[in-house]
Structure formats: C-alpha cells, structure tokens
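Asker: Submitted below is the structure of interest, expressed as structure tokens.
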Amino acid sequence: MNIIELLGLKTTVLSAKKMVVTVTVSEQLLQPYGLVHGGINALLAETAASQGANAALPDGQVAVGVGIETHHLAPVTHGELVATATPITVGHRIQVWSVSIHESQTNTLTSTSTVTLTTQTRSV
C-alpha cells in the first residue's frame, strides 16, 4: 500500500492542464494539537502536481519533484481538503505547478504551494 492509498487521497480531475486531489480530514491527518499536519498540505500539493506533470509526458518519461514551497494559511480541524493544481510552465525538462488547497465546506483557502518537477527516463 502506498501513502496515497493509506491516507485515502482521491483524484477527481486528471489532465495535463488541471489536477484535483481530495482527502477527508481524519485523525490520521492531524498533528498532536488537533490541526491538519502541515506535511499533509505538502503531500497533497506534490501528489496533484506530480500527477498533472506526468499526464503531460510521453510514455517512458516520468516527472519527479525536486522542490516544493508550501505556505500554510489557515488551520483545518475537519471537513475535506481539495487540492487544485495548474501548470505555471511546462518545459522539456522542468515543470512548475501552482497548487491551492481549500476546505470544501467553507471554501477557505488553507494552503498554497509551488511545486517544481524534473523529467527523467522511467526505469522499470
């Protein structure tokens, strides 16, 4: 089982132009003070950006994250997080994606990230 399955992340939109990944806030996602752990924001951002970046590549290539900058803007204790990723630039070797995360019930912007990925040949 991978981390995406373990935490219950769901992809609802998958394309090279827009990615949407959701997760229901559960005890597993909280840090000891009852708030969603900041690492969850980074995980959602890199998952959404990586899936979108890979949708833009031909077979035999894979995009992997090389940098992420995440800003935590509002605390979350319950609900559903929705990560929406869109490309800023898609080059031959480097892609940069912008990711915004909202809590779905209140539509509160809770986090923003910029994810940089590089293209590699897929090894079997």
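We label chains A, B, ... in the order they appear in the structure tokens, count residues from 1 in each chain, and number ligands from 1 in the order shown.
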If we count only C-alpha atoms, what is near A:Lys18 at a cut-off of 8 Å, once residues fewer than 6 positions away on the same chain are taken out, given as an MDAnalysis selection string?
Answerer: chainID A and resid 52 84:87
Asker: Residues of the last selection are to be written out with C-alpha atoms, as a short mmCIF file (atom, residue, chain, number, x, y, z; two decimals), in the first residue's frame.
Answerer:
data_model
loop_
_atom_site.label_atom_id
_atom_site.label_comp_id
_atom_site.auth_asym_id
_atom_site.auth_seq_id
_atom_site.Cartn_x
_atom_site.Cartn_y
_atom_site.Cartn_z
CA GLY A 52 -0.61 16.54 -13.68
CA THR A 84 -6.20 22.08 -7.32
CA ALA A 85 -3.01 22.12 -9.36
CA THR A 86 -2.39 24.03 -12.60
CA PRO A 87 0.81 24.35 -14.59
#
Asker: Using DSSP assignments from the backbone, pull out every residue in stretch 9-67 of chain A that falls under strand (DSSP E or B) and give it to me as a list in words.
Answerer: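 Answer for stretch 9-67 of chain A restricted to strand (DSSP E or B) is Lys10, Thr11, Thr12, Val13, Leu14, Met19, Val20, Val21, Thr22, Val23, Thr24, Leu30, Val36, Gln61, Val62, Ala63, Val64, Gly65, Val66 and Gly67 of chain A.
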Asker: Take the selection from the previous step and output its residues with N, CA, C and O atoms, as a short mmCIF file (atom, residue, chain, number, x, y, z; two decimals), in the first residue's frame.
Answerer:
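Listing of part06.cif after writing:
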data_model
loop_
_atom_site.label_atom_id
_atom_site.label_comp_id
_atom_site.auth_asym_id
_atom_site.auth_seq_id
_atom_site.Cartn_x
_atom_site.Cartn_y
_atom_site.Cartn_z
N LYS A 10 -7.95 11.00 -3.11
CA LYS A 10 -8.73 10.64 -4.31
C LYS A 10 -8.50 11.68 -5.39
O LYS A 10 -8.58 12.87 -5.15
N THR A 11 -8.22 11.20 -6.60
CA THR A 11 -8.07 12.08 -7.75
C THR A 11 -9.43 12.24 -8.41
O THR A 11 -10.05 11.24 -8.77
N THR A 12 -9.90 13.48 -8.54
CA THR A 12 -11.22 13.71 -9.14
C THR A 12 -11.13 14.34 -10.53
O THR A 12 -12.08 14.23 -11.30
N VAL A 13 -10.03 15.03 -10.83
CA VAL A 13 -9.77 15.58 -12.16
C VAL A 13 -8.32 15.27 -12.49
O VAL A 13 -7.44 15.53 -11.67
N LEU A 14 -8.09 14.69 -13.67
CA LEU A 14 -6.72 14.33 -14.06
C LEU A 14 -6.48 14.75 -15.50
O LEU A 14 -7.07 14.19 -16.43
N MET A 19 -5.37 19.44 -12.25
CA MET A 19 -5.47 18.25 -11.40
C MET A 19 -6.22 18.62 -10.14
O MET A 19 -6.00 19.70 -9.59
N VAL A 20 -7.10 17.74 -9.70
CA VAL A 20 -7.79 17.95 -8.42
C VAL A 20 -7.67 16.66 -7.61
O VAL A 20 -8.03 15.58 -8.08
N VAL A 21 -7.14 16.82 -6.40
CA VAL A 21 -6.99 15.70 -5.47
C VAL A 21 -7.69 16.08 -4.17
O VAL A 21 -7.52 17.21 -3.69
N THR A 22 -8.48 15.17 -3.61
CA THR A 22 -9.21 15.45 -2.37
C THR A 22 -8.85 14.44 -1.29
O THR A 22 -8.40 13.33 -1.58
N VAL A 23 -9.07 14.84 -0.04
CA VAL A 23 -8.92 13.93 1.09
C VAL A 23 -9.84 14.40 2.21
O VAL A 23 -9.99 15.60 2.46
N THR A 24 -10.49 13.46 2.84
CA THR A 24 -11.33 13.75 4.00
C THR A 24 -10.43 13.86 5.23
O THR A 24 -9.57 12.99 5.46
N LEU A 30 -4.08 14.53 11.44
CA LEU A 30 -3.91 15.59 12.43
C LEU A 30 -2.58 15.48 13.18
O LEU A 30 -2.09 14.38 13.45
N VAL A 36 -4.76 19.80 11.02
CA VAL A 36 -4.16 19.05 9.92
C VAL A 36 -2.66 19.35 9.90
O VAL A 36 -2.24 20.51 9.97
N GLN A 61 8.75 8.42 -19.87
CA GLN A 61 9.28 9.50 -19.05
C GLN A 61 8.41 9.68 -17.81
O GLN A 61 7.23 9.35 -17.82
N VAL A 62 9.02 10.18 -16.76
CA VAL A 62 8.31 10.41 -15.51
C VAL A 62 8.78 11.74 -14.91
O VAL A 62 9.95 12.08 -14.99
N ALA A 63 7.84 12.48 -14.35
CA ALA A 63 8.16 13.73 -13.67
C ALA A 63 8.26 13.45 -12.17
O ALA A 63 7.39 12.80 -11.59
N VAL A 64 9.35 13.93 -11.58
CA VAL A 64 9.56 13.75 -10.14
C VAL A 64 9.85 15.10 -9.50
O VAL A 64 10.49 15.96 -10.10
N GLY A 65 9.35 15.28 -8.30
CA GLY A 65 9.52 16.54 -7.60
C GLY A 65 10.96 16.79 -7.20
O GLY A 65 11.67 15.89 -6.75
N VAL A 66 11.41 18.04 -7.41
CA VAL A 66 12.74 18.45 -6.97
C VAL A 66 12.68 19.65 -6.02
O VAL A 66 13.68 20.00 -5.40
N GLY A 67 11.50 20.26 -5.89
CA GLY A 67 11.37 21.39 -4.98
C GLY A 67 9.91 21.68 -4.70
O GLY A 67 9.05 21.51 -5.57
#
Asker: For the alpha helix (DSSP H) assignment from backbone DSSP, which residues of stretch 26-96 of chain A qualify? Please present them as a ChimeraX atom specification.
Answerer: /A:38-55
Asker: Generate the output file for the selected residues, all heavy atoms, as a CSV table (one decimal), in the first residue's frame.
Answerer:
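Wrote it out as out-v5.csv, contents follow:
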chain,number,residue,atom,x,y,z
A,38,GLY,N,1.0,20.0,8.7
A,38,GLY,CA,1.5,20.8,7.5
A,38,GLY,C,2.0,19.9,6.4
A,38,GLY,O,1.9,20.2,5.2
A,39,GLY,N,2.5,18.7,6.8
A,39,GLY,CA,3.1,17.8,5.8
A,39,GLY,C,2.0,17.3,4.9
A,39,GLY,O,2.2,16.9,3.7
A,40,ILE,N,0.7,17.3,5.4
A,40,ILE,CA,-0.4,16.8,4.5
A,40,ILE,C,-0.6,17.8,3.4
A,40,ILE,O,-0.9,17.4,2.3
A,40,ILE,CB,-1.7,16.6,5.4
A,40,ILE,CG1,-1.5,15.5,6.4
A,40,ILE,CG2,-2.9,16.4,4.5
A,40,ILE,CD1,-1.1,14.2,5.9
A,41,ASN,N,-0.5,19.1,3.7
A,41,ASN,CA,-0.6,20.1,2.6
A,41,ASN,C,0.5,19.9,1.5
A,41,ASN,O,0.2,19.9,0.4
A,41,ASN,CB,-0.4,21.5,3.2
A,41,ASN,CG,-1.6,21.9,4.1
A,41,ASN,OD1,-2.7,21.5,3.8
A,41,ASN,ND2,-1.4,22.7,5.1
A,42,ALA,N,1.7,19.6,2.0
A,42,ALA,CA,2.8,19.4,1.0
A,42,ALA,C,2.5,18.1,0.2
A,42,ALA,O,2.8,18.0,-1.0
A,42,ALA,CB,4.1,19.3,1.7
A,43,LEU,N,2.0,17.1,0.9
A,43,LEU,CA,1.7,15.8,0.3
A,43,LEU,C,0.7,16.0,-0.8
A,43,LEU,O,0.8,15.5,-1.9
A,43,LEU,CB,1.3,14.7,1.3
A,43,LEU,CG,0.8,13.4,0.7
A,43,LEU,CD1,1.9,12.6,0.1
A,43,LEU,CD2,0.1,12.6,1.8
A,44,LEU,N,-0.4,16.7,-0.5
A,44,LEU,CA,-1.5,16.9,-1.4
A,44,LEU,C,-1.0,17.7,-2.6
A,44,LEU,O,-1.3,17.4,-3.8
A,44,LEU,CB,-2.6,17.7,-0.8
A,44,LEU,CG,-3.6,16.9,0.1
A,44,LEU,CD1,-4.5,17.9,0.9
A,44,LEU,CD2,-4.4,16.0,-0.8
A,45,ALA,N,-0.2,18.7,-2.3
A,45,ALA,CA,0.4,19.6,-3.4
A,45,ALA,C,1.3,18.8,-4.3
A,45,ALA,O,1.1,18.8,-5.6
A,45,ALA,CB,1.1,20.8,-2.8
A,46,GLU,N,2.2,18.0,-3.8
A,46,GLU,CA,3.1,17.3,-4.7
A,46,GLU,C,2.4,16.2,-5.4
A,46,GLU,O,2.7,15.9,-6.6
A,46,GLU,CB,4.3,16.7,-3.9
A,46,GLU,CG,5.3,16.1,-4.8
A,46,GLU,CD,6.7,16.0,-4.3
A,46,GLU,OE1,7.0,16.5,-3.2
A,46,GLU,OE2,7.6,15.4,-5.0
A,47,THR,N,1.4,15.5,-4.8
A,47,THR,CA,0.6,14.5,-5.4
A,47,THR,C,-0.1,15.1,-6.6
A,47,THR,O,-0.1,14.5,-7.7
A,47,THR,CB,-0.4,13.8,-4.5
A,47,THR,OG1,0.4,13.2,-3.4
A,47,THR,CG2,-1.2,12.8,-5.1
A,48,ALA,N,-0.8,16.2,-6.4
A,48,ALA,CA,-1.6,16.8,-7.5
A,48,ALA,C,-0.7,17.3,-8.6
A,48,ALA,O,-0.9,17.0,-9.8
A,48,ALA,CB,-2.4,17.9,-7.0
A,49,ALA,N,0.4,18.0,-8.3
A,49,ALA,CA,1.3,18.5,-9.3
A,49,ALA,C,2.0,17.3,-10.1
A,49,ALA,O,2.2,17.4,-11.3
A,49,ALA,CB,2.4,19.4,-8.7
A,50,SER,N,2.4,16.3,-9.3
A,50,SER,CA,3.1,15.2,-10.0
A,50,SER,C,2.2,14.5,-11.0
A,50,SER,O,2.6,14.1,-12.1
A,50,SER,CB,3.6,14.2,-8.9
A,50,SER,OG,4.7,14.8,-8.2
A,51,GLN,N,1.0,14.2,-10.6
A,51,GLN,CA,0.1,13.5,-11.5
A,51,GLN,C,-0.2,14.4,-12.7
A,51,GLN,O,-0.2,13.8,-13.8
A,51,GLN,CB,-1.2,13.2,-10.7
A,51,GLN,CG,-1.1,12.1,-9.7
A,51,GLN,CD,-2.4,11.7,-9.0
A,51,GLN,OE1,-3.4,12.4,-9.2
A,51,GLN,NE2,-2.3,10.7,-8.3
A,52,GLY,N,-0.4,15.7,-12.5
A,52,GLY,CA,-0.6,16.5,-13.7
A,52,GLY,C,0.6,16.6,-14.6
A,52,GLY,O,0.5,16.5,-15.8
A,53,ALA,N,1.8,16.7,-14.0
A,53,ALA,CA,3.0,16.8,-14.8
A,53,ALA,C,3.2,15.5,-15.5
A,53,ALA,O,3.6,15.5,-16.7
A,53,ALA,CB,4.2,17.0,-13.8
A,54,ASN,N,2.9,14.4,-14.9
A,54,ASN,CA,3.1,13.1,-15.6
A,54,ASN,C,2.1,12.9,-16.8
A,54,ASN,O,2.4,12.3,-17.8
A,54,ASN,CB,3.0,11.9,-14.6
A,54,ASN,CG,4.4,11.7,-14.0
A,54,ASN,OD1,5.3,11.3,-14.6
A,54,ASN,ND2,4.5,12.1,-12.7
A,55,ALA,N,0.9,13.5,-16.6
A,55,ALA,CA,-0.1,13.5,-17.7
A,55,ALA,C,0.4,14.2,-18.9
A,55,ALA,O,-0.1,14.0,-20.0
A,55,ALA,CB,-1.4,14.1,-17.2
Asker: Between atom CA of A:Trp97 and atom CA of A:Val82, what distance in Å does the model show, to one decimal?
Answerer: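 Taking atom CA of A:Trp97 as the start and atom CA of A:Val82 as the end point, the length is 15.6 Å.
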Asker: Can you tell me how far atom CA of A:Ile4 sits from atom CA of A:Gln120, in Å to one decimal?
Answerer: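 Distance between the two atoms: 21.7 Å.
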Asker: State, in Å with one decimal place, the distance from atom CA of A:Ser113 to atom CA of A:Ile88.
Answerer: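 It comes out at 11.8 Å.
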Asker: Restricting the calculation to only C-alpha atoms, which member of A:Gly91, A:Pro32, A:Pro75, A:Gly8 is positioned closest to A:Leu117?
Answerer: A:Gly91
Asker: When you look at A:Leu73 with a cut-off of 12 Å (counting only C-alpha atoms), what residues show up, excluding the ones that are within fewer than 3 positions of it in the same chain? I need them as a list of chain:residue names.
Answerer: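 In the requested format, the answer is A:Val36, A:Gly38, A:Asn41, A:Thr70, A:Val76, A:Ser100, A:Ile101, A:His102, A:Glu103, A:Thr108, A:Leu109, A:Thr110, A:Ser111, A:Thr112, A:Ser113.
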Asker: Take the residues that were just selected and, keeping C-alpha atoms, output them as an mmCIF file, in the first residue's frame.
Answerer:
data_model
loop_
_atom_site.group_PDB
_atom_site.id
_atom_site.type_symbol
_atom_site.label_atom_id
_atom_site.label_comp_id
_atom_site.auth_asym_id
_atom_site.auth_seq_id
_atom_site.Cartn_x
_atom_site.Cartn_y
_atom_site.Cartn_z
ATOM 1 C CA VAL A 36 -4.156 19.053 9.922
ATOM 2 C CA GLY A 38 1.474 20.779 7.501
ATOM 3 C CA ASN A 41 -0.589 20.115 2.622
ATOM 4 C CA THR A 70 4.255 25.498 0.846
ATOM 5 C CA VAL A 76 -8.123 22.875 9.453
ATOM 6 C CA SER A 100 -4.132 25.837 -3.971
ATOM 7 C CA ILE A 101 -5.822 23.873 -1.209
ATOM 8 C CA HIS A 102 -9.297 24.760 0.027
ATOM 9 C CA GLU A 103 -11.530 23.299 2.719
ATOM 10 C CA THR A 108 -11.478 28.629 2.798
ATOM 11 C CA LEU A 109 -8.060 28.831 1.164
ATOM 12 C CA THR A 110 -5.921 26.866 3.620
ATOM 13 C CA SER A 111 -2.616 26.428 1.776
ATOM 14 C CA THR A 112 -0.726 27.359 -1.380
ATOM 15 C CA SER A 113 2.289 25.635 -2.903
#
Asker: Select, from A:Asn2, A:Ser15, A:Thr121, A:Thr77, the residue with the minimum atom-to-atom distance to A:Glu27, counting only C-alpha atoms.
Answerer: A:Thr77
Asker: So, counting only C-alpha atoms, which residue among A:Thr114, A:Ser98, A:Lys17, A:His92 is closest to A:Pro58?
Answerer: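 Using only C-alpha atoms, A:Pro58 sits closest to A:His92.
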Asker: Give the answer as one residue: which of A:Thr118, A:Ser26, A:Gln31, A:Ser123 has the shortest atom-to-atom distance to A:Glu80, using only C-alpha atoms?
Answerer: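 With only C-alpha atoms as the atom set, the closest residue is A:Ser26.
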Asker: Go through A:Leu29, A:Val99, A:Leu35, A:Leu81 and flag the residue nearest A:Glu69, using only C-alpha atoms for the distances.
Answerer: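 The answer is A:Val99, which sits nearest to A:Glu69.
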